[in-house]
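Student: Input file: my_file-v5.cif. Contents: mmCIF, C-alpha atoms.
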```cif
data_target
loop_
_atom_site.label_atom_id
_atom_site.label_comp_id
_atom_site.auth_asym_id
_atom_site.auth_seq_id
_atom_site.Cartn_x
_atom_site.Cartn_y
_atom_site.Cartn_z
CA MET A 1 0.00 0.00 0.00
CA GLU A 2 1.35 3.39 -1.02
CA SER A 3 2.10 5.87 1.74
CA PRO A 4 -0.15 8.95 1.78
CA GLN A 5 1.21 11.99 -0.01
CA PRO A 6 1.86 15.09 2.11
CA LYS A 7 -0.68 17.84 1.75
CA ARG A 8 0.33 20.73 -0.47
CA ARG A 9 0.18 24.21 0.91
CA LYS A 10 -1.80 26.72 -1.10
CA GLY A 11 0.35 28.04 -3.93
CA MET A 12 3.18 25.58 -3.24
CA ASP A 13 5.26 24.53 -6.30
CA GLU A 14 3.09 26.44 -8.71
CA GLY A 15 4.15 25.83 -12.29
CA VAL A 16 3.96 27.83 -15.51
CA ASP A 17 0.80 26.01 -16.60
CA SER A 18 -1.12 26.98 -13.47
CA TRP A 19 -1.58 30.68 -14.33
CA GLU A 20 -2.67 32.84 -17.23
CA VAL A 21 -1.62 36.32 -18.27
CA HIS A 22 -4.46 38.82 -18.55
CA PRO A 23 -4.10 42.24 -20.18
CA VAL A 24 -5.28 45.21 -18.12
CA LEU A 25 -7.09 47.32 -20.72
CA SER A 26 -8.45 50.84 -20.55
CA ASP A 27 -12.06 51.40 -19.56
CA GLU A 28 -12.87 52.24 -23.17
CA GLN A 29 -11.53 48.84 -24.22
CA SER A 30 -12.97 46.76 -21.39
CA HIS A 31 -16.42 48.23 -20.74
CA ASP A 32 -19.53 47.48 -22.73
CA ILE A 33 -20.24 49.97 -25.50
CA LYS A 34 -23.10 52.33 -24.76
CA LEU A 35 -26.17 52.07 -26.96
CA VAL A 36 -28.30 54.89 -28.33
CA GLU A 37 -31.79 54.71 -29.77
CA ALA A 38 -32.41 55.31 -33.45
CA PHE A 39 -35.26 55.12 -35.92
CA ALA A 40 -34.82 52.47 -38.58
CA ALA A 41 -37.12 51.57 -41.45
CA PRO A 42 -37.48 48.61 -43.79
CA ILE A 43 -36.42 49.05 -47.39
CA ILE A 44 -39.33 47.50 -49.20
CA ASP A 45 -38.00 48.17 -52.69
CA LYS A 46 -34.40 46.96 -52.88
CA LYS A 47 -33.84 48.84 -56.14
CA ALA A 48 -34.38 52.12 -54.29
CA THR A 49 -31.58 51.47 -51.79
CA SER A 50 -28.93 53.76 -53.33
CA ARG A 51 -31.34 56.67 -53.71
CA LEU A 52 -32.69 56.29 -50.18
CA ILE A 53 -29.22 56.13 -48.60
CA LYS A 54 -28.11 59.22 -50.52
CA ASN A 55 -31.19 61.17 -49.43
CA LEU A 56 -30.98 60.01 -45.82
CA THR A 57 -27.29 60.90 -45.64
CA THR A 58 -28.17 64.43 -46.73
CA THR A 59 -31.10 64.80 -44.33
CA TYR A 60 -29.59 62.94 -41.33
CA PRO A 61 -25.81 62.58 -41.93
CA LEU A 62 -24.93 60.60 -38.73
CA SER A 63 -21.56 62.36 -38.77
CA ASP A 64 -20.60 61.10 -35.28
CA LEU A 65 -21.47 57.50 -36.10
CA GLN A 66 -19.04 56.68 -38.88
CA HIS A 67 -18.63 53.18 -37.44
CA ILE A 68 -22.30 52.36 -38.08
CA LYS A 69 -23.23 50.65 -41.32
CA ARG A 70 -26.34 52.48 -42.42
CA VAL A 71 -28.01 49.43 -43.95
CA ARG A 72 -28.32 45.90 -42.64
CA ALA A 73 -29.56 42.76 -44.31
CA CYS A 74 -32.58 40.96 -42.89
CA LYS A 75 -31.65 37.30 -42.93
CA SER A 76 -34.58 36.11 -40.87
CA ASP A 77 -37.57 34.52 -42.58
CA LYS A 78 -39.77 36.63 -40.31
CA HIS A 79 -38.95 39.75 -42.31
CA PRO A 80 -40.72 40.16 -45.68
CA HIS A 81 -38.24 42.89 -46.66
CA PRO A 82 -34.56 42.24 -47.50
CA LEU A 83 -32.98 45.34 -45.93
CA GLU A 84 -33.35 47.83 -43.09
CA VAL A 85 -31.82 51.31 -42.91
CA ILE A 86 -31.06 53.77 -40.12
CA VAL A 87 -33.20 56.87 -40.64
CA CYS A 88 -31.91 59.01 -37.75
CA LEU A 89 -31.10 59.04 -34.06
CA VAL A 90 -34.10 59.54 -31.81
CA ASP A 91 -32.34 62.60 -30.37
CA ASP A 92 -32.08 64.10 -33.88
CA ALA A 93 -35.75 63.61 -34.69
CA PRO A 94 -38.24 66.53 -34.59
CA PRO A 95 -39.18 67.44 -30.96
CA ASP A 96 -42.64 65.88 -30.97
CA VAL A 97 -41.28 62.61 -32.39
CA LYS A 98 -38.27 62.64 -30.04
CA ASN A 99 -40.45 63.06 -26.96
CA SER A 100 -42.96 60.38 -27.90
CA LYS A 101 -40.45 58.04 -29.59
CA GLU A 102 -43.17 57.33 -32.10
CA GLY A 103 -43.16 58.67 -35.60
CA SER A 104 -44.16 58.12 -39.18
CA LEU A 105 -42.10 58.63 -42.29
CA ALA A 106 -43.99 61.86 -42.84
CA SER A 107 -43.01 63.21 -39.41
CA LEU A 108 -39.35 62.17 -39.76
CA LEU A 109 -38.90 63.03 -43.42
CA PHE A 110 -40.97 66.17 -43.47
CA SER A 111 -39.27 67.70 -46.51
CA GLU A 112 -41.51 67.64 -49.56
CA SER A 113 -38.44 67.06 -51.71
CA PHE A 114 -37.58 63.80 -49.94
CA ASP A 115 -38.76 60.82 -51.99
CA SER A 116 -39.53 58.18 -49.37
CA SER A 117 -41.01 55.68 -51.77
CA GLY A 118 -39.54 52.25 -51.12
CA LEU A 119 -39.37 52.80 -47.34
CA GLY A 120 -41.66 51.18 -44.80
CA GLU A 121 -42.81 52.62 -41.47
CA PRO A 122 -40.05 53.38 -38.93
CA PHE A 123 -39.35 51.52 -35.69
CA ILE A 124 -36.92 51.93 -32.76
CA VAL A 125 -33.56 50.11 -32.64
CA LYS A 126 -30.52 50.41 -30.39
CA ILE A 127 -27.14 50.99 -32.01
CA PRO A 128 -23.57 51.35 -30.60
CA SER A 129 -22.69 54.96 -29.82
CA SER A 130 -18.95 54.45 -30.42
CA ALA A 131 -16.69 52.21 -32.44
CA PRO A 132 -15.68 48.90 -30.81
CA LEU A 133 -12.03 48.66 -29.77
CA THR A 134 -11.83 44.93 -29.00
CA ARG A 135 -13.33 41.83 -30.53
CA PRO A 136 -15.64 41.16 -27.55
CA GLN A 137 -16.99 44.70 -27.91
CA PHE A 138 -17.40 44.18 -31.64
CA GLU A 139 -19.31 40.94 -31.17
CA ARG A 140 -21.67 42.52 -28.64
CA ALA A 141 -22.13 45.67 -30.74
CA SER A 142 -22.83 43.71 -33.91
CA ALA A 143 -25.61 41.84 -32.14
CA HIS A 144 -27.52 45.14 -32.16
CA TRP A 145 -26.50 46.59 -35.53
CA PRO A 146 -23.70 45.97 -38.08
CA THR A 147 -20.60 47.91 -37.06
CA SER A 148 -17.18 48.55 -38.58
CA PHE A 149 -14.22 47.20 -36.62
CA HIS A 150 -10.49 47.82 -37.02
CA GLU A 151 -9.03 44.96 -35.03
CA ASP A 152 -5.89 45.17 -32.93
CA LYS A 153 -4.74 41.57 -33.28
CA GLN A 154 -2.36 41.86 -30.32
CA ILE A 155 -5.22 42.75 -27.99
CA THR A 156 -7.35 39.93 -29.41
CA ALA A 157 -4.53 37.45 -28.86
CA ALA A 158 -3.98 38.74 -25.33
CA LEU A 159 -7.66 38.41 -24.43
CA ARG A 160 -7.64 34.84 -25.73
CA GLY A 161 -4.50 33.99 -23.75
CA GLN A 162 -2.54 33.49 -26.98
CA LEU A 163 -0.19 36.48 -26.92
CA PHE A 164 2.71 34.79 -25.16
CA THR A 165 4.34 31.51 -26.15
CA ALA A 166 5.21 28.75 -23.69
CA ALA A 167 8.86 29.84 -23.81
CA GLN A 168 7.90 33.44 -23.05
CA LYS A 169 5.70 32.34 -20.15
CA ALA A 170 8.61 30.32 -18.77
CA LYS A 171 10.79 33.44 -18.77
CA MET A 172 8.03 35.46 -17.13
CA HIS A 173 7.73 32.79 -14.45
CA LYS A 174 11.48 32.92 -13.84
CA TYR A 175 11.47 36.68 -13.40
CA MET A 176 8.45 36.63 -11.10
CA MET A 177 10.06 33.90 -9.00
CA ALA A 178 13.06 36.23 -8.58
CA ALA A 179 10.64 38.95 -7.40
CA ILE A 180 9.03 36.49 -4.98
CA ARG A 181 12.42 35.53 -3.55
CA ALA A 182 13.19 39.21 -3.05
CA ALA A 183 9.83 39.71 -1.32
CA LYS A 184 10.58 36.86 1.05
CA ALA A 185 14.04 38.29 1.77
CA GLY A 186 12.41 41.57 2.70
CA GLN A 187 9.80 39.80 4.80
CA GLU A 188 12.54 38.13 6.80
CA ARG A 189 13.80 41.62 7.67
CA GLY A 190 10.35 42.76 8.80
CA MET A 191 9.31 44.43 5.54
CA VAL A 192 6.05 44.18 3.62
CA PRO A 193 6.43 41.06 1.42
CA VAL A 194 6.48 42.71 -2.00
CA GLY A 195 9.25 42.13 -4.53
CA ALA A 196 10.11 43.64 -7.90
CA VAL A 197 12.47 42.82 -10.75
CA MET A 198 13.39 45.05 -13.70
CA VAL A 199 14.31 43.28 -16.95
CA ASP A 200 15.67 44.43 -20.28
CA PRO A 201 13.59 42.30 -22.70
CA ALA A 202 16.06 42.92 -25.53
CA SER A 203 18.81 41.05 -23.67
CA ASP A 204 16.81 39.11 -21.04
CA GLN A 205 19.07 40.72 -18.45
CA ILE A 206 17.83 41.41 -14.93
CA LEU A 207 18.86 45.00 -14.23
CA ALA A 208 17.52 45.41 -10.68
CA THR A 209 16.00 43.31 -7.93
CA ALA A 210 14.25 44.97 -5.00
CA HIS A 211 11.91 44.46 -2.09
CA ASP A 212 9.86 46.79 0.08
CA CYS A 213 12.04 48.90 2.40
CA THR A 214 9.42 51.14 3.99
CA ARG A 215 10.09 49.91 7.53
CA GLY A 216 13.83 50.22 7.48
CA SER A 217 14.75 52.97 5.09
CA HIS A 218 12.00 55.42 4.16
CA PRO A 219 8.17 55.26 4.19
CA LEU A 220 8.09 55.89 0.42
CA HIS A 221 10.51 53.09 -0.41
CA HIS A 222 8.00 50.67 -1.87
CA ALA A 223 9.51 47.79 -3.82
CA VAL A 224 8.82 49.46 -7.18
CA MET A 225 10.37 52.78 -6.05
CA VAL A 226 13.46 50.94 -4.83
CA CYS A 227 13.69 49.02 -8.11
CA ILE A 228 13.53 52.21 -10.20
CA ASP A 229 16.21 53.86 -8.06
CA LEU A 230 18.46 50.83 -8.43
CA VAL A 231 18.06 50.97 -12.22
CA ALA A 232 19.10 54.62 -12.01
CA HIS A 233 22.17 53.54 -10.00
CA GLY A 234 23.06 51.21 -12.86
CA GLN A 235 22.92 54.19 -15.22
CA GLY A 236 25.16 56.39 -13.10
CA GLY A 237 22.45 58.04 -11.00
CA GLY A 238 20.31 56.90 -8.12
CA ALA A 239 19.35 58.84 -5.04
CA HIS A 240 19.41 56.38 -2.15
CA ASN A 241 21.74 53.86 -0.54
CA PHE A 242 20.34 50.34 -0.18
CA ASP A 243 23.53 48.66 1.08
CA PRO A 244 21.78 47.53 4.29
CA PHE A 245 19.51 45.35 2.15
CA PRO A 246 21.65 42.76 0.31
CA ALA A 247 18.69 41.40 -1.65
CA CYS A 248 18.26 44.82 -3.32
CA GLN A 249 20.76 44.78 -6.17
CA PHE A 250 21.40 46.37 -9.54
CA THR A 251 23.38 45.42 -12.64
CA VAL A 252 24.82 47.76 -15.25
CA PRO A 253 23.13 46.96 -18.58
CA ASP A 254 25.20 45.04 -21.14
CA GLY A 255 26.90 47.27 -23.68
CA GLN A 256 26.81 50.35 -21.44
CA LEU A 257 30.01 49.83 -19.50
CA GLY A 258 33.28 51.59 -20.22
CA GLU A 259 36.16 49.56 -21.59
CA ASP A 260 37.76 49.00 -18.19
CA ALA A 261 34.56 48.33 -16.25
CA SER A 262 33.45 44.96 -14.95
CA ASP A 263 30.50 43.13 -16.49
CA SER A 264 28.11 43.72 -13.62
CA VAL A 265 27.70 45.69 -10.45
CA ALA A 266 25.78 44.50 -7.40
CA GLN A 267 25.22 47.27 -4.87
CA GLY A 268 27.85 49.33 -6.76
CA PRO A 269 31.63 49.61 -6.18
CA ALA A 270 32.94 49.95 -2.65
CA ASP A 271 33.88 53.61 -3.17
CA GLY A 272 30.33 54.45 -4.27
CA SER A 273 31.29 55.30 -7.86
CA VAL A 274 29.61 53.82 -10.92
CA PRO A 275 31.48 52.76 -14.08
CA GLU A 276 31.35 55.00 -17.14
CA GLN A 277 28.39 54.12 -19.33
CA ARG A 278 27.37 54.73 -22.93
CA GLY A 279 24.08 55.35 -24.63
CA GLN A 280 21.85 54.44 -21.71
CA PRO A 281 18.08 54.95 -22.11
CA TYR A 282 16.03 57.25 -19.92
CA ILE A 283 15.86 55.18 -16.70
CA CYS A 284 13.36 52.41 -17.62
CA THR A 285 12.66 53.10 -21.29
CA GLY A 286 11.49 49.87 -22.93
CA TYR A 287 12.09 47.77 -19.82
CA ASP A 288 9.75 45.21 -18.23
CA LEU A 289 8.87 45.27 -14.54
CA TYR A 290 7.78 42.16 -12.65
CA VAL A 291 6.22 42.91 -9.29
CA THR A 292 4.41 40.54 -6.96
CA ARG A 293 1.61 42.98 -6.10
CA GLU A 294 -0.19 45.62 -8.16
CA PRO A 295 1.54 49.00 -7.73
CA CYS A 296 -0.06 51.92 -5.93
CA VAL A 297 -0.61 55.36 -7.48
CA MET A 298 2.80 56.65 -6.38
CA CYS A 299 4.62 53.68 -7.89
CA ALA A 300 2.49 53.71 -11.05
CA MET A 301 3.28 57.37 -11.65
CA ALA A 302 6.98 56.73 -11.01
CA LEU A 303 6.89 53.98 -13.63
CA LEU A 304 5.17 56.33 -16.06
CA HIS A 305 7.77 59.07 -15.54
CA SER A 306 10.52 56.45 -15.90
CA ARG A 307 9.11 55.48 -19.33
CA ILE A 308 8.53 51.83 -18.46
CA GLY A 309 7.61 49.55 -21.36
CA ARG A 310 5.52 46.83 -19.72
CA VAL A 311 4.43 45.87 -16.22
CA PHE A 312 3.57 42.33 -15.11
CA TYR A 313 2.11 41.84 -11.64
CA GLY A 314 1.03 38.76 -9.77
CA THR A 315 -1.90 39.74 -7.59
CA THR A 316 -4.18 42.75 -7.34
CA SER A 317 -4.21 45.31 -4.55
CA ARG A 318 -7.22 47.06 -3.03
CA ASP A 319 -5.76 50.46 -3.88
CA GLY A 320 -3.97 49.28 -7.01
CA ALA A 321 -3.43 51.89 -9.71
CA LEU A 322 -2.93 49.56 -12.68
CA GLY A 323 -6.36 48.00 -12.96
CA THR A 324 -8.13 47.76 -9.61
CA ARG A 325 -8.84 51.31 -8.46
CA TYR A 326 -7.20 53.28 -11.26
CA LYS A 327 -5.66 52.62 -14.66
CA ILE A 328 -2.80 55.09 -14.69
CA HIS A 329 -1.20 53.40 -17.69
CA ALA A 330 -4.24 54.12 -19.86
CA GLN A 331 -5.02 57.73 -18.92
CA LYS A 332 -5.34 59.62 -22.20
CA GLU A 333 -4.22 62.95 -20.74
CA LEU A 334 -0.83 61.59 -19.64
CA ASN A 335 2.15 61.79 -21.99
CA HIS A 336 3.29 58.17 -21.72
CA HIS A 337 1.39 54.90 -21.84
CA PHE A 338 2.54 51.35 -21.24
CA GLU A 339 1.19 47.81 -21.32
CA VAL A 340 0.06 46.08 -18.15
CA TYR A 341 -0.59 42.37 -17.56
CA ARG A 342 -1.74 40.64 -14.39
CA GLY A 343 -1.82 37.05 -13.16
CA VAL A 344 1.82 35.96 -13.47
CA ALA A 345 2.38 33.32 -10.77
CA GLN A 346 -0.82 34.64 -9.25
CA HIS A 347 -1.36 32.05 -6.52
CA LEU A 348 2.20 32.33 -5.24
CA CYS A 349 1.89 36.10 -5.08
CA GLU A 350 -1.49 35.84 -3.36
CA HIS A 351 0.08 33.48 -0.84
CA LEU A 352 2.68 36.15 -0.02
CA ALA A 353 -0.06 38.68 0.61
CA GLU A 354 -2.02 36.23 2.78
CA GLU A 355 1.03 35.52 4.91
CA PHE A 356 1.43 39.25 5.52
CA ASN A 357 -2.23 39.73 6.41
#
```
Transcribe the structure of this file into structure tokens.

Tutor:
Amino acid sequence: MESPQPKRRKGMDEGVDSWEVHPVLSDEQSHDIKLVEAFAAPIIDKKATSRLIKNLTTTYPLSDLQHIKRVRACKSDKHPHPLEVIVCLVDDAPPDVKNSKEGSLASLLFSESFDSSGLGEPFIVKIPSSAPLTRPQFERASAHWPTSFHEDKQITAALRGQLFTAAQKAKMHKYMMAAIRAAKAGQERGMVPVGAVMVDPASDQILATAHDCTRGSHPLHHAVMVCIDLVAHGQGGGAHNFDPFPACQFTVPDGQLGEDASDSVAQGPADGSVPEQRGQPYICTGYDLYVTREPCVMCAMALLHSRIGRVFYGTTSRDGALGTRYKIHAQKELNHHFEVYRGVAQHLCEHLAEEFN
């Protein structure tokens, strides 16, 4: 008889196949599209379609609804007519028709010069008020009325969980595991168990590893803030000294060292100097950040100002600024935007948070 297997702790030995990467999209991309009411009418005489569309476009141009296809085919056997056309928005109809939401062709097309022959009596439909930005939005919008859609195939692949290959997910897992180890190192020193790792995706080089230092260094030294400062150290800058925390390290990016400099720097040289560097980007330009917990507003804004390329986080935070409470990365009025993905090694990162709570 086989001996009983030991019980697994929650999140223990989580593998690459046990989590999925989910894009954190803007509200415009993730919310349902709003619908507006419009008058539509059957086209009884198909031969009159071109004339009717031309006349309707002149009378009711629908200039803010360029994504709407004015005519739709009636494929159902319940409809005796082959086509239906948008006449106008309810809000654009004459006041008496708008208020009652009931109207005849005569009340909608009151111009004597409008030849409405070939049109049936109008009825109310709901149509999308804006163009769909994702395939799920497109599918829901098209269920109401045919809509144009310019697909971003990267977003579609991300929503389907097909954006990253197995090899890419394995790398992501490796980087998040490094962030988890850093978080645990910080936890052992009495810090909040949050870890972060900065990676140059062009070289797969880890440039900085950090953990929360708010209880031993400065109340603003969240793991992400420490990580950014360590990257700056690797570029010849940096504002703070993290020598008391050996798990917080930085490496000078490949190809940016002077001829006589060593290949990497952990915590910097003993005299506090940093090797001469060449052609470094602006702090985090094009880099990837892996962090165990969703960043707060302060950290999200620091990432934005550092010109981060992508952020991957494991678990959400109640006050998180990259998807939960705010979406800093998708604010149109800001001058830099970056991609955000959640769920990397999610259960392991959740386990860290549970241990802290």

Student: Report, in Å to a single decimal, how far apart CA of His67 (chain A) and CA of Lys153 (chain A) are.

Tutor: 18.6 Å

Student: Given the point (-7.5, 43.0, -29.0) in the file's coordinates, find the residues that have an atom at most 12 Å from it, counting all atoms listed in the file, and give them as a list in words.

Tutor: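 Protein and nucleic acid residues near the point are His22, Pro23, Val24, Leu25, Ser26, Gln29, Ser30, Pro132, Leu133, Thr134, Arg135, Pro136, Gln137, Phe138, Phe149, His150, Glu151, Asp152, Lys153, Gln154, Ile155, Thr156, Ala157, Ala158, Leu159, Arg160, Gly161, Gln162 and Leu163 of chain A.
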
Student: Mind telling me what the PyMOL selection byres ((chain A and resi 313-323) around 6) catches here, as a PDB file with C-alpha atoms, keeping the file's coordinate frame?

Tutor:
```pdb
ATOM      1  CA  VAL A  24      -5.280  45.210 -18.120  1.00  0.00           C
ATOM      2  CA  TYR A 290       7.780  42.160 -12.650  1.00  0.00           C
ATOM      3  CA  VAL A 291       6.220  42.910  -9.290  1.00  0.00           C
ATOM      4  CA  THR A 292       4.410  40.540  -6.960  1.00  0.00           C
ATOM      5  CA  ARG A 293       1.610  42.980  -6.100  1.00  0.00           C
ATOM      6  CA  GLU A 294      -0.190  45.620  -8.160  1.00  0.00           C
ATOM      7  CA  PRO A 295       1.540  49.000  -7.730  1.00  0.00           C
ATOM      8  CA  CYS A 296      -0.060  51.920  -5.930  1.00  0.00           C
ATOM      9  CA  VAL A 297      -0.610  55.360  -7.480  1.00  0.00           C
ATOM     10  CA  PHE A 312       3.570  42.330 -15.110  1.00  0.00           C
ATOM     11  CA  THR A 324      -8.130  47.760  -9.610  1.00  0.00           C
ATOM     12  CA  ARG A 325      -8.840  51.310  -8.460  1.00  0.00           C
ATOM     13  CA  TYR A 326      -7.200  53.280 -11.260  1.00  0.00           C
ATOM     14  CA  LYS A 327      -5.660  52.620 -14.660  1.00  0.00           C
ATOM     15  CA  ILE A 328      -2.800  55.090 -14.690  1.00  0.00           C
ATOM     16  CA  ARG A 342      -1.740  40.640 -14.390  1.00  0.00           C
ATOM     17  CA  GLY A 343      -1.820  37.050 -13.160  1.00  0.00           C
ATOM     18  CA  VAL A 344       1.820  35.960 -13.470  1.00  0.00           C
ATOM     19  CA  ALA A 345       2.380  33.320 -10.770  1.00  0.00           C
ATOM     20  CA  GLN A 346      -0.820  34.640  -9.250  1.00  0.00           C
ATOM     21  CA  CYS A 349       1.890  36.100  -5.080  1.00  0.00           C
ATOM     22  CA  GLU A 350      -1.490  35.840  -3.360  1.00  0.00           C
TER      23      GLU A 350
END
```

Student: Would you work out the distance separating CA of Lys54 (chain A) from CA of Ile33 (chain A), expressed in Å to one decimal?

Tutor: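 We find that CA of Lys54 (chain A) and CA of Ile33 (chain A) lie 27.8 Å from each other.
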
Student: Neighbouring residues of region 104-110 of chain A were defined as those with any atom within 7 Å, considering all atoms listed in the file; residues of the same chain fewer than 6 positions away were excluded. Please report them as a list in words.

Tutor: Ala93, Pro94, Glu121 and Pro122 of chain A

Student: Quick one: of A:Asn335, A:Gly190, A:Val87, A:Trp19, who's nearest to Lys169 (chain A), counting all atoms listed in the file?

Tutor: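 Looking at the shortest contact to Lys169 (chain A), the residue is A:Trp19.
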
Student: Name the residues that the PyMOL selection byres ((chain A and resi 47) around 12) picks from the file above, as a PyMOL selection string, using the file's chain letters and numbers.

Tutor: chain A and resi 43-46+48-53+82-83+117-119

Student: Grab the CA of Val340 (chain A) to CA of Arg140 (chain A) distance for me, in Å with one decimal place.

Tutor: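 Computed distance, CA of Val340 (chain A) to CA of Arg140 (chain A), equals 24.4 Å.
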
Student: Please write as a PyMOL selection string the full residue list that the PyMOL selection byres ((chain A and resi 180) around 12) yields on this file.

Tutor: chain A and resi 173-179+181-187+192-197+209-212+223+247+290-293+313-315+344-353

Student: Hey, which of A:Lys126, A:Asp64, A:Pro80, A:Asn99 ends up closest to Phe39 (chain A)? Count all atoms listed in the file.

Tutor: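 Residue with the minimum atom-to-atom distance to Phe39 (chain A): A:Lys126.
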
Student: Kindly indicate which residue among A:His336, A:Pro42, A:Ala167, A:Ala330 lies nearest to Arg307 (chain A), using all atoms listed in the file for the distances.

Tutor: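 Ranking A:His336, A:Pro42, A:Ala167, A:Ala330 by distance to Arg307 (chain A), first place goes to A:His336.
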
Student: Pick the closest to Val16 (chain A) from A:Ala73, A:Ala41, A:Ala166, A:Cys213: which is it, counting all atoms listed in the file?

Tutor: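 Comparing A:Ala73, A:Ala41, A:Ala166, A:Cys213 against Val16 (chain A), the winner is A:Ala166.
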
Student: Which is closer to Ala40 (chain A) than all the others in A:Phe164, A:Phe245, A:Tyr282, A:Phe123, using only C-alpha atoms?

Tutor: A:Phe123

Student: Please return the centre and edge lengths, in Å to one decimal, of a box with edges along x, y and z that contains all listed atoms of region 39-56 of chain A, widened by 5 Å on every side, as lines of an AutoDock Vina configuration file.

Tutor:
```
center_x = -33.7
center_y = 54.1
center_z = -46.0
size_x = 21.2
size_y = 24.2
size_z = 30.2
```

Student: Compare A:Gln331, A:Gln235, A:Ser203, A:Ser113 by their minimum atom-to-atom distance to Cys284 (chain A), counting all atoms listed in the file, and give me the closest one.

Tutor: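 Of all the options, A:Gln235 lies closest to Cys284 (chain A).
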
Student: Show which residues sit within 9 Å of Gly216 (chain A), as a list of chain:residue names. Count all atoms listed in the file, and ignore same-chain residues fewer than 4 positions away.

Tutor: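 Residues near the query, excluding close chain neighbours: A:Arg189, A:Gly190, A:Met191, A:Pro244.
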
Student: I need the residues from that last selection saved to file as a PDB file, in the frame of the given file (with C-alpha atoms), if you can.

Tutor:
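The result, stored in again20.pdb:
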```pdb
ATOM      1  CA  ARG A 189      13.800  41.620   7.670  1.00  0.00           C
ATOM      2  CA  GLY A 190      10.350  42.760   8.800  1.00  0.00           C
ATOM      3  CA  MET A 191       9.310  44.430   5.540  1.00  0.00           C
ATOM      4  CA  PRO A 244      21.780  47.530   4.290  1.00  0.00           C
TER       5      PRO A 244
END
```
